[in-house]
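Participant: work06.cif (mmCIF, C-alpha atoms and all ligand atoms) pasted underneath:
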data_input
#
loop_
_atom_site.label_atom_id
_atom_site.label_comp_id
_atom_site.auth_asym_id
_atom_site.auth_seq_id
_atom_site.Cartn_x
_atom_site.Cartn_y
_atom_site.Cartn_z
CA MET O 1 26.67 4.67 9.22
CA PRO O 2 25.26 7.57 7.17
CA GLU O 3 27.38 10.71 7.29
CA ILE O 4 25.03 13.06 5.51
CA ALA O 5 21.68 14.57 6.39
CA LEU O 6 19.45 16.90 4.42
CA THR O 7 19.58 20.48 5.71
CA PRO O 8 17.49 23.50 4.62
CA ASN O 9 20.47 24.56 2.49
CA SER O 10 21.15 21.25 0.77
CA ASN O 11 21.15 21.27 -3.03
CA ILE O 12 18.92 18.45 -4.26
CA LEU O 13 18.57 16.55 -7.52
CA ILE O 14 15.24 14.69 -7.48
CA THR O 15 13.58 12.36 -10.01
CA GLY O 16 10.03 11.11 -10.42
CA VAL O 17 8.36 14.37 -9.38
CA THR O 18 5.59 14.04 -11.98
CA GLY O 19 4.63 10.77 -10.25
CA LEU O 20 2.72 10.11 -7.05
CA ILE O 21 5.47 9.84 -4.44
CA GLY O 22 8.14 12.11 -5.95
CA GLY O 23 5.59 14.90 -6.45
CA GLU O 24 4.53 14.72 -2.80
CA ILE O 25 8.13 14.64 -1.56
CA LEU O 26 8.91 17.79 -3.55
CA ARG O 27 5.79 19.49 -2.18
CA CYS O 28 6.80 18.46 1.32
CA LEU O 29 10.26 20.00 0.84
CA LEU O 30 8.74 23.26 -0.39
CA ASP O 31 6.30 23.30 2.55
CA ARG O 32 9.38 23.35 4.76
CA GLU O 33 10.62 26.40 2.86
CA HIS O 34 13.70 24.65 1.61
CA GLN O 35 16.43 27.21 0.88
CA GLY O 36 18.90 25.22 -1.24
CA GLN O 37 18.66 24.68 -4.99
CA ILE O 38 16.35 21.91 -6.20
CA TRP O 39 16.66 20.30 -9.62
CA PRO O 40 13.63 18.13 -10.41
CA LEU O 41 14.64 15.96 -13.38
CA ILE O 42 11.66 15.59 -15.72
CA ARG O 43 11.20 14.10 -19.19
CA ALA O 44 10.14 16.64 -21.76
CA THR O 45 7.12 15.43 -23.68
CA THR O 46 5.18 17.75 -25.96
CA GLU O 47 5.24 19.86 -22.78
CA SER O 48 8.33 21.38 -21.18
CA PRO O 49 9.59 20.03 -17.82
CA ILE O 50 8.51 23.19 -15.98
CA HIS O 51 5.03 22.98 -17.46
CA ARG O 52 4.80 19.31 -16.44
CA LEU O 53 5.83 20.25 -12.90
CA GLY O 54 2.98 22.79 -12.73
CA VAL O 55 0.54 20.15 -14.00
CA ARG O 56 1.69 17.70 -11.32
CA PHE O 57 1.25 20.29 -8.56
CA ALA O 58 -2.24 21.04 -9.89
CA ARG O 59 -3.08 17.34 -9.48
CA SER O 60 -2.48 17.88 -5.75
CA GLN O 61 -4.58 21.08 -5.88
CA ASP O 62 -1.35 22.92 -5.16
CA THR O 63 -1.49 26.32 -6.81
CA ARG O 64 1.63 27.83 -5.30
CA GLU O 65 4.10 29.62 -7.51
CA ILE O 66 7.15 27.43 -8.09
CA PRO O 67 10.01 29.17 -6.19
CA ALA O 68 13.04 30.51 -8.06
CA THR O 69 15.23 27.92 -6.30
CA VAL O 70 13.48 25.13 -8.23
CA HIS O 71 14.97 24.53 -11.68
CA ALA O 72 13.14 21.88 -13.69
CA VAL O 73 15.80 19.97 -15.61
CA ASN O 74 15.13 18.08 -18.83
CA GLY O 75 16.30 14.46 -18.56
CA ASP O 76 15.65 10.79 -19.05
CA ILE O 77 16.95 8.36 -16.43
CA GLN O 78 17.60 5.63 -18.99
CA LYS O 79 20.23 7.74 -20.73
CA PRO O 80 23.87 8.36 -19.78
CA VAL O 81 24.15 11.19 -17.25
CA TRP O 82 20.35 10.79 -17.01
CA GLY O 83 20.05 12.65 -20.31
CA MET O 84 20.93 16.01 -18.76
CA SER O 85 22.47 18.78 -20.87
CA ALA O 86 26.21 19.29 -20.35
CA THR O 87 25.50 22.61 -18.62
CA ASP O 88 22.93 21.17 -16.19
CA ALA O 89 25.11 18.15 -15.48
CA LYS O 90 28.11 20.35 -14.67
CA THR O 91 26.20 22.67 -12.32
CA ILE O 92 24.65 19.74 -10.50
CA ARG O 93 27.84 17.72 -10.38
CA ASP O 94 29.66 20.66 -8.76
CA THR O 95 27.08 21.48 -6.11
CA VAL O 96 24.59 18.69 -5.40
CA ASP O 97 24.38 17.41 -1.79
CA VAL O 98 21.48 14.96 -2.01
CA ILE O 99 20.14 12.91 -4.94
CA VAL O 100 16.62 11.56 -4.41
CA HIS O 101 15.78 8.86 -6.95
CA ASN O 102 12.05 8.12 -7.08
CA ALA O 103 11.55 7.61 -10.81
CA ALA O 104 10.83 4.08 -11.97
CA ASP O 105 8.76 2.03 -14.33
CA THR O 106 6.14 0.82 -11.82
CA SER O 107 4.17 -1.39 -14.19
CA PHE O 108 3.16 -4.84 -12.89
CA VAL O 109 2.44 -6.11 -16.41
CA ALA O 110 4.24 -9.43 -16.81
CA HIS O 111 5.71 -8.84 -20.27
CA ARG O 112 6.91 -5.29 -19.63
CA ASN O 113 10.68 -4.90 -19.49
CA THR O 114 10.85 -2.69 -16.40
CA SER O 115 14.57 -3.39 -15.91
CA ASP O 116 15.23 -1.15 -18.88
CA THR O 117 14.27 1.75 -16.69
CA ASN O 118 14.76 0.54 -13.14
CA VAL O 119 18.20 -1.03 -13.40
CA LYS O 120 19.69 1.10 -16.16
CA SER O 121 18.76 4.29 -14.30
CA VAL O 122 20.57 3.10 -11.18
CA ARG O 123 23.72 2.23 -13.13
CA GLN O 124 23.63 5.77 -14.54
CA LEU O 125 22.99 7.15 -11.06
CA ILE O 126 26.04 5.37 -9.63
CA ASP O 127 28.31 6.73 -12.37
CA PHE O 128 26.92 10.23 -11.98
CA ALA O 129 26.99 10.30 -8.16
CA LYS O 130 30.60 9.09 -8.16
CA SER O 131 31.54 12.00 -10.40
CA CYS O 132 29.97 14.61 -8.09
CA ARG O 133 32.25 16.83 -6.06
CA ARG O 134 30.47 16.74 -2.72
CA ASN O 135 29.99 12.97 -2.35
CA PRO O 136 26.20 13.38 -2.25
CA LEU O 137 23.81 11.28 -0.18
CA VAL O 138 21.83 9.04 -2.51
CA VAL O 139 18.24 8.50 -1.37
CA TYR O 140 16.78 5.55 -3.22
CA MET O 141 13.03 4.91 -3.28
CA GLY O 142 12.95 1.14 -3.24
CA THR O 143 9.94 -1.01 -2.49
CA ALA O 144 9.13 -3.38 0.36
CA SER O 145 7.77 -5.80 -2.27
CA ASN O 146 11.32 -6.40 -3.56
CA VAL O 147 11.38 -9.35 -1.15
CA GLY O 148 9.53 -11.31 -3.87
CA ASP O 149 7.06 -14.14 -3.47
CA ILE O 150 6.60 -14.91 0.22
CA SER O 151 3.47 -15.29 2.31
CA GLY O 152 2.06 -15.28 5.79
CA CYS O 153 4.80 -13.34 7.57
CA SER O 154 6.09 -10.03 8.76
CA VAL O 155 9.20 -8.97 6.88
CA THR O 156 12.06 -6.99 8.42
CA GLU O 157 14.39 -4.76 6.40
CA GLU O 158 17.07 -7.45 6.79
CA ASP O 159 14.74 -10.07 5.27
CA GLY O 160 13.88 -7.87 2.30
CA CYS O 161 15.42 -7.19 -1.12
CA ARG O 162 15.70 -10.77 -2.36
CA ALA O 163 16.46 -10.92 -6.08
CA GLU O 164 16.99 -14.67 -5.65
CA ASN O 165 13.37 -15.25 -4.58
CA ARG O 166 10.65 -15.99 -7.12
CA HIS O 167 9.04 -12.71 -8.21
CA TYR O 168 5.52 -12.24 -9.57
CA ASN O 169 6.72 -9.69 -12.08
CA GLU O 170 9.83 -8.01 -13.34
CA TYR O 171 9.05 -4.81 -11.48
CA THR O 172 9.78 -6.16 -7.97
CA TYR O 173 12.74 -8.17 -9.28
CA SER O 174 14.27 -5.15 -11.03
CA LYS O 175 13.84 -3.08 -7.87
CA ALA O 176 15.77 -5.73 -5.88
CA ILE O 177 18.58 -5.80 -8.44
CA ALA O 178 18.78 -2.00 -8.49
CA GLU O 179 18.88 -1.71 -4.71
CA ASN O 180 21.66 -4.29 -4.50
CA LEU O 181 23.68 -2.40 -7.11
CA LEU O 182 23.44 0.75 -5.05
CA ARG O 183 24.44 -1.02 -1.87
CA GLU O 184 27.47 -2.51 -3.60
CA SER O 185 28.46 0.90 -5.01
CA GLY O 186 29.69 2.13 -1.62
CA LEU O 187 27.97 5.50 -2.12
CA PRO O 188 26.47 7.20 0.95
CA LEU O 189 22.99 5.69 0.80
CA LEU O 190 19.57 5.91 2.38
CA THR O 191 17.11 3.33 1.05
CA LEU O 192 13.41 3.81 1.69
CA ARG O 193 11.02 0.94 1.08
CA PRO O 194 7.34 1.88 1.07
CA SER O 195 4.74 -0.88 1.18
CA ILE O 196 1.56 -0.22 -0.88
CA VAL O 197 0.99 3.50 -1.30
CA LEU O 198 -2.48 4.99 -1.74
CA SER O 199 -3.04 8.54 -2.96
CA ALA O 200 -5.32 9.18 0.06
CA ASP O 201 -6.20 12.87 0.20
CA LEU O 202 -5.32 13.70 -3.41
CA ALA O 203 -8.43 14.27 -5.51
CA ASP O 204 -6.84 12.88 -8.66
CA GLU O 205 -8.59 10.07 -10.48
CA THR O 206 -5.49 8.66 -12.19
CA PHE O 207 -3.53 8.39 -8.95
CA ALA O 208 -6.54 6.82 -7.22
CA ARG O 209 -6.87 4.26 -10.00
CA GLN O 210 -3.16 3.42 -10.01
CA ILE O 211 -3.64 0.92 -7.16
CA LEU O 212 -7.38 0.80 -6.55
CA TRP O 213 -8.58 0.21 -10.12
CA CYS O 214 -9.83 -3.27 -9.22
CA ALA O 215 -12.01 -2.15 -6.28
CA PRO O 216 -15.01 -0.97 -8.36
CA LEU O 217 -14.76 -4.13 -10.47
CA THR O 218 -15.44 -6.40 -7.50
CA ARG O 219 -19.06 -5.28 -7.95
CA VAL O 220 -19.52 -7.66 -10.85
CA PHE O 221 -18.87 -10.67 -8.57
CA ARG O 222 -20.73 -12.34 -5.71
CA ALA O 223 -17.58 -14.15 -4.55
CA LEU O 224 -13.82 -14.06 -5.17
CA PRO O 225 -10.86 -16.24 -4.14
CA LEU O 226 -9.58 -13.89 -1.44
CA ASN O 227 -8.49 -14.83 2.06
CA PRO O 228 -10.45 -12.58 4.45
CA ASP O 229 -7.70 -12.89 7.07
CA ALA O 230 -4.84 -11.90 4.76
CA ARG O 231 -3.30 -8.61 5.87
CA LEU O 232 -2.64 -5.72 3.52
CA ASP O 233 0.11 -3.26 4.37
CA LEU O 234 -1.30 0.03 3.07
CA VAL O 235 0.08 3.52 3.66
CA ASP O 236 -1.01 6.97 2.50
CA VAL O 237 1.27 9.01 0.28
CA GLY O 238 1.34 11.91 2.76
CA PHE O 239 2.87 9.56 5.33
CA VAL O 240 5.45 8.29 2.82
CA ALA O 241 6.49 11.81 1.81
CA ALA O 242 6.66 13.10 5.39
CA MET O 243 8.61 10.07 6.65
CA SER O 244 11.02 10.26 3.70
CA VAL O 245 11.87 13.86 4.45
CA ARG O 246 12.14 13.21 8.20
CA LEU O 247 14.60 10.37 7.59
CA MET O 248 16.63 12.42 5.12
CA GLU O 249 16.90 15.22 7.70
CA HIS O 250 17.80 12.89 10.54
CA THR O 251 21.35 13.67 11.63
CA ASN O 252 21.83 10.44 13.50
CA ARG O 253 20.03 7.73 11.54
CA THR O 254 20.63 4.31 13.03
CA TYR O 255 20.24 2.49 9.71
CA ASP O 256 20.61 3.08 5.98
CA CYS O 257 17.40 1.26 5.04
CA TYR O 258 13.85 1.69 6.36
CA HIS O 259 10.40 0.30 5.62
CA LEU O 260 7.78 3.02 5.26
CA SER O 261 4.91 0.77 6.17
CA ALA O 262 1.87 0.17 8.35
CA GLY O 263 3.46 -2.89 9.95
CA LYS O 264 1.61 -5.59 11.87
CA LYS O 265 -0.15 -3.14 14.14
CA TYR O 266 -1.80 -0.92 11.53
CA ALA O 267 -2.27 -3.32 8.61
CA ILE O 268 -5.83 -4.01 7.49
CA THR O 269 -7.23 -7.44 6.59
CA LEU O 270 -8.85 -8.18 3.25
CA GLY O 271 -12.04 -8.90 5.19
CA GLU O 272 -11.98 -5.41 6.75
CA PHE O 273 -11.08 -3.84 3.42
CA GLY O 274 -13.91 -5.75 1.72
CA THR O 275 -16.37 -4.41 4.28
CA LEU O 276 -15.33 -0.84 3.46
CA ILE O 277 -15.86 -1.55 -0.24
CA ASN O 278 -19.26 -3.16 0.38
CA LEU O 279 -20.32 -0.10 2.36
CA GLN O 280 -19.05 2.27 -0.32
CA TYR O 281 -21.08 0.60 -3.06
CA GLY O 282 -24.03 -0.35 -0.85
CA ARG O 283 -23.67 -3.85 -2.20
CA ARG O 284 -24.55 -7.29 -0.92
CA PRO O 285 -21.41 -8.43 0.94
CA LEU O 286 -18.81 -9.88 -1.40
CA LYS O 287 -18.07 -13.42 -0.29
CA LEU O 288 -14.33 -13.90 0.30
CA ILE O 289 -13.31 -17.53 -0.14
CA SER O 290 -9.78 -18.45 0.80
CA PRO O 291 -7.84 -19.50 -2.35
CA ALA O 292 -7.11 -22.88 -0.72
CA ALA O 293 -10.85 -23.49 -0.47
CA TRP O 294 -11.77 -22.04 -3.91
CA THR O 295 -12.72 -24.96 -6.16
CA PRO O 296 -13.29 -25.26 -9.92
CA ALA O 297 -16.98 -25.54 -9.02
CA ASP O 298 -16.77 -22.11 -7.30
CA GLU O 299 -15.15 -20.68 -10.39
CA GLU O 300 -17.93 -22.08 -12.55
CA LYS O 301 -20.56 -20.73 -10.19
CA TYR O 302 -19.16 -17.26 -9.57
CA VAL O 303 -17.34 -16.51 -12.84
CA ARG O 304 -19.99 -17.15 -15.45
CA THR O 305 -20.80 -14.14 -17.58
CA GLY O 306 -18.57 -12.64 -20.27
CA VAL O 307 -17.88 -9.56 -18.12
CA GLN O 308 -17.06 -11.69 -15.09
CA ARG O 309 -14.66 -13.82 -17.12
CA ARG O 310 -12.93 -10.78 -18.59
CA VAL O 311 -12.53 -9.00 -15.26
CA PHE O 312 -11.47 -12.21 -13.52
CA ARG O 313 -8.71 -12.68 -16.08
CA SER O 314 -7.30 -9.23 -15.38
CA LEU O 315 -7.62 -9.69 -11.60
CA HIS O 316 -5.67 -12.89 -11.89
CA HIS O 317 -2.30 -11.06 -11.82
CA TYR O 318 -3.27 -9.25 -8.63
CA LEU O 319 -5.04 -11.90 -6.57
CA PRO O 320 -1.76 -13.58 -5.48
CA PHE O 321 -0.49 -10.18 -4.28
CA LEU O 322 -3.63 -9.50 -2.33
CA ASN O 323 -3.49 -12.95 -0.76
CA MET O 324 0.18 -12.75 0.24
CA ASP O 325 -0.70 -11.86 3.82
CA VAL O 326 2.54 -10.00 4.39
CA THR O 327 3.28 -6.97 6.51
CA TYR O 328 6.53 -5.04 6.66
CA GLU O 329 8.00 -4.27 10.06
CA ASN O 330 8.63 -0.63 10.77
CA ASP O 331 10.40 -0.69 14.14
CA ARG O 332 13.39 1.10 12.62
CA LEU O 333 11.23 3.98 11.42
CA ARG O 334 9.33 4.17 14.70
CA GLN O 335 12.57 4.20 16.64
CA ASP O 336 14.21 6.94 14.57
CA VAL O 337 11.31 9.35 13.87
CA GLY O 338 9.27 8.63 16.99
CA PHE O 339 6.47 6.18 17.77
CA GLU O 340 3.79 8.88 17.70
CA ASP O 341 4.68 10.15 14.24
CA ALA O 342 5.37 6.92 12.38
CA ILE O 343 1.70 6.04 12.00
CA PRO O 344 -0.02 6.12 8.60
CA GLN O 345 -3.56 7.42 8.27
CA PRO O 346 -6.20 4.75 8.85
CA VAL O 347 -7.55 3.59 5.47
CA VAL O 348 -11.09 4.21 6.66
CA ASN O 349 -10.31 7.96 6.76
CA TYR O 350 -9.89 8.28 3.01
CA ILE O 351 -10.98 5.16 1.14
CA ASN O 352 -14.49 6.46 0.35
CA LYS O 353 -13.13 9.69 -1.11
CA LEU O 354 -10.74 7.70 -3.31
CA LEU O 355 -13.36 5.25 -4.53
CA ASP O 356 -15.76 8.12 -5.21
CA ILE O 357 -13.43 9.48 -7.86
CA ILE O 358 -12.86 6.20 -9.74
CA PRO O 359 -15.60 5.77 -12.34
CA THR O 360 -16.43 2.12 -13.05
CA LYS O 361 -16.01 2.74 -16.77
CA ALA O 362 -12.40 3.86 -16.26
CA ALA O 363 -11.77 0.85 -14.01
CA MET O 364 -13.10 -1.46 -16.74
CA LYS O 365 -10.77 0.17 -19.21
CA GLU O 366 -7.86 -0.36 -16.83
CA ALA O 367 -8.89 -4.02 -16.50
CA ALA O 368 -8.47 -4.41 -20.23
CA VAL O 369 -4.85 -3.20 -19.94
CA PRO O 370 -3.88 -3.64 -16.28
N1 LIG K 401 3.14 3.58 -5.48
C1 LIG K 401 3.46 2.56 -4.70
O1 LIG K 401 2.58 1.86 -4.17
C2 LIG K 401 4.90 2.26 -4.40
C3 LIG K 401 5.17 1.33 -3.39
C4 LIG K 401 6.50 1.06 -3.09
C5 LIG K 401 7.53 1.69 -3.75
N2 LIG K 401 7.24 2.58 -4.75
C6 LIG K 401 8.39 3.20 -5.44
O2 LIG K 401 8.26 4.61 -5.34
C7 LIG K 401 8.78 5.24 -6.50
C8 LIG K 401 7.75 6.18 -7.05
O3 LIG K 401 6.56 5.45 -7.33
P1 LIG K 401 5.23 6.18 -7.81
O4 LIG K 401 4.09 5.32 -7.41
O5 LIG K 401 5.29 7.60 -7.41
O6 LIG K 401 5.43 6.05 -9.38
P2 LIG K 401 4.65 6.76 -10.56
O7 LIG K 401 3.50 7.57 -10.04
O8 LIG K 401 4.39 5.69 -11.57
O9 LIG K 401 5.73 7.79 -11.13
C9 LIG K 401 6.86 7.33 -11.80
C10 LIG K 401 7.75 8.53 -12.05
O10 LIG K 401 8.93 8.07 -12.70
C11 LIG K 401 9.17 8.90 -13.85
N3 LIG K 401 9.91 8.19 -14.89
C12 LIG K 401 9.68 6.94 -15.37
N4 LIG K 401 10.54 6.66 -16.36
C13 LIG K 401 11.34 7.76 -16.50
C14 LIG K 401 12.42 8.08 -17.36
N5 LIG K 401 12.89 7.21 -18.27
N6 LIG K 401 13.03 9.27 -17.21
C15 LIG K 401 12.58 10.16 -16.27
N7 LIG K 401 11.56 9.92 -15.43
C16 LIG K 401 10.94 8.73 -15.55
C17 LIG K 401 7.78 9.23 -14.32
O11 LIG K 401 7.86 10.33 -15.21
P3 LIG K 401 6.80 10.56 -16.41
O12 LIG K 401 5.72 11.39 -15.82
O13 LIG K 401 7.61 11.24 -17.44
O14 LIG K 401 6.32 9.19 -16.84
C18 LIG K 401 7.12 9.57 -12.99
O15 LIG K 401 7.49 10.84 -12.54
C19 LIG K 401 9.17 4.12 -7.46
O16 LIG K 401 10.55 3.94 -7.40
C20 LIG K 401 8.44 2.90 -6.93
O17 LIG K 401 9.16 1.72 -7.19
C21 LIG K 401 5.95 2.87 -5.08
#
Starting from the file, lay out its structure as structure tokens.

Facilitator:
Amino acid sequence: MPEIALTPNSNILITGVTGLIGGEILRCLLDREHQGQIWPLIRATTESPIHRLGVRFARSQDTREIPATVHAVNGDIQKPVWGMSATDAKTIRDTVDVIVHNAADTSFVAHRNTSDTNVKSVRQLIDFAKSCRRNPLVVYMGTASNVGDISGCSVTEEDGCRAENRHYNEYTYSKAIAENLLRESGLPLLTLRPSIVLSADLADETFARQILWCAPLTRVFRALPLNPDARLDLVDVGFVAAMSVRLMEHTNRTYDCYHLSAGKKYAITLGEFGTLINLQYGRRPLKLISPAAWTPADEEKYVRTGVQRRVFRSLHHYLPFLNMDVTYENDRLRQDVGFEDAIPQPVVNYINKLLDIIPTKAAMKEAAVP
């Protein structure tokens, strides 16, 4: 059972804050006027870590002044001691209470070696956390998709994290390996497994495109091999950030692993999602043909032009995901944070705003390098 909970005075090391989820978790902590020290670990590029933090906040239209308790730390999670300077590492090692590890290589591209980041960083994390004085709570941002290739079911936390299953890409596999390493480490651990996270209320084109890049491209087709009854487990990033912080703060968590998901009750079907997209683009309804019923003749009929062939090729990696028809049970979350609060925003509330900010040209570019 977990011994440690986040308090307003906890000192926190947090990674991935320039990304979608980590950035929102940090903003959520600051909204709660967190008093303890916070070290966001950020790669220096041509810009300094502190500058990059400001840029990330601006992407959420957050113009607040970064408080003096937040010390952007230069680091790279692939390196020993996460690439921190000896001085930063010593300060953090002596005083950190909670380590929140969001950073990852989230690419779905088949040939990308995501383990280089996702597994190596966790090995470094284990070594570092074990050397810390206060036996910090490690909060690991996993993914519900680390269950691998399954279909037509509702997955519990117990069913998840299956490195032995077939995986569509190295990303979900590497996330399963990393989570298992952490569990075996014996460190105080809270694992959070979001389902599919949409940037919802954030008016940032790149975040919107991260998951939804293929939506504008469906306009070039009259039909696609998609099962209209397949369920999609989508959640908004505000929900993920809020639930993460609530679980970290919980003094009496029942479990050490939680899905942050819509679950059976609030999942949306591809048919319903398709209707929202049709409405957005004022298009003739896209015909969704179940993959089992999609024939070579359909492919010839509906994938004819050069553009259609090119886009279809890039969609090919994603169609199996969309057709998985899997939801992730969230009874644990509902039980521990409350049934009223553990409800993500309905997709219909924000999908139009998100699609509005994805130009088709940018989506086409993304299709070339998905
Ligand atoms: N988005 C989803 O739908 C989803 C669903 C389930 C689980 N998750 C999990 O949630 C976590 C966050 O996902 P996200 O969507 O927020 O990802 P994201 O937007 O792609 O952000 C990734 C973050 O990781 C950082 N990072 C990557 N490699 C690094 C390195 N070597 N050193 C330091 N930082 C590094 C990136 O920093 P730079 O800015 O320097 O690149 C960035 O801040 C991940 O662990 C992911 O597996 C995401």

Participant: List all protein, DNA and RNA residues that have at least one atom no more than 7 Å from any atom of ligand LIG 401 (chain K), counting only C-alpha atoms and all ligand atoms, and write them as number ranges by chain.

Facilitator: O: 15-22, 41-43, 75-78, 102-106, 117, 141-144, 175, 193-198, 211

Participant: Would you please work out which residue, of O:Asn352, O:Gln308, O:Asn180, O:Ser10, is nearest to O:Thr275 when using all atoms listed in the file?

Facilitator: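 For O:Thr275, the nearest of the candidates is O:Asn352.
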
Participant: Please report the interatomic distance between atom CA of O:Thr254 and atom CA of O:Leu190 in Å with one decimal.

Facilitator: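 Atom-to-atom, atom CA of O:Thr254 to atom CA of O:Leu190, that is 10.8 Å.
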
Participant: Counting all atoms listed in the file, what is within 12 Å of O:Phe273, bar same-chain residues fewer than 2 positions away, as a ChimeraX atom specification?

Facilitator: /O:212,215,226-234,267-271,275-280,285-286,288,322,346-348,351-352

Participant: Show me, as number ranges by chain, the residues that have an atom within 12 Å of stretch 51-63 of chain O when counting only C-alpha atoms, minus same-chain residues fewer than 5 positions from it.

Facilitator: O: 15-28, 30-31, 39-46, 70-74, 199-208, 237-238

Participant: Mind checking which residues fall within 9 Å of O:Cys153, counting all atoms listed in the file, ignoring those fewer than 2 positions away in the same chain, and posting them as a ChimeraX atom specification?

Facilitator: /O:150-151,155,324-328

Participant: So how far away is atom CA of O:Ile12 from atom CA of O:Thr95, in Å?

Facilitator: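 Value for the atom CA of O:Thr95-atom CA of O:Ile12 distance: 8.9 Å.
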
Participant: Report, in Å with one decimal, the straight-line distance from atom CA of O:Pro216 to atom CA of O:Arg304.

Facilitator: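 Atom CA of O:Pro216 sits 18.4 Å away from atom CA of O:Arg304.
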
Participant: Restricting the calculation to all atoms listed in the file: of O:Ser314, O:Ser185, O:Ser48, O:Gln210, which residue gets closest to O:Gln124?

Facilitator: O:Ser185
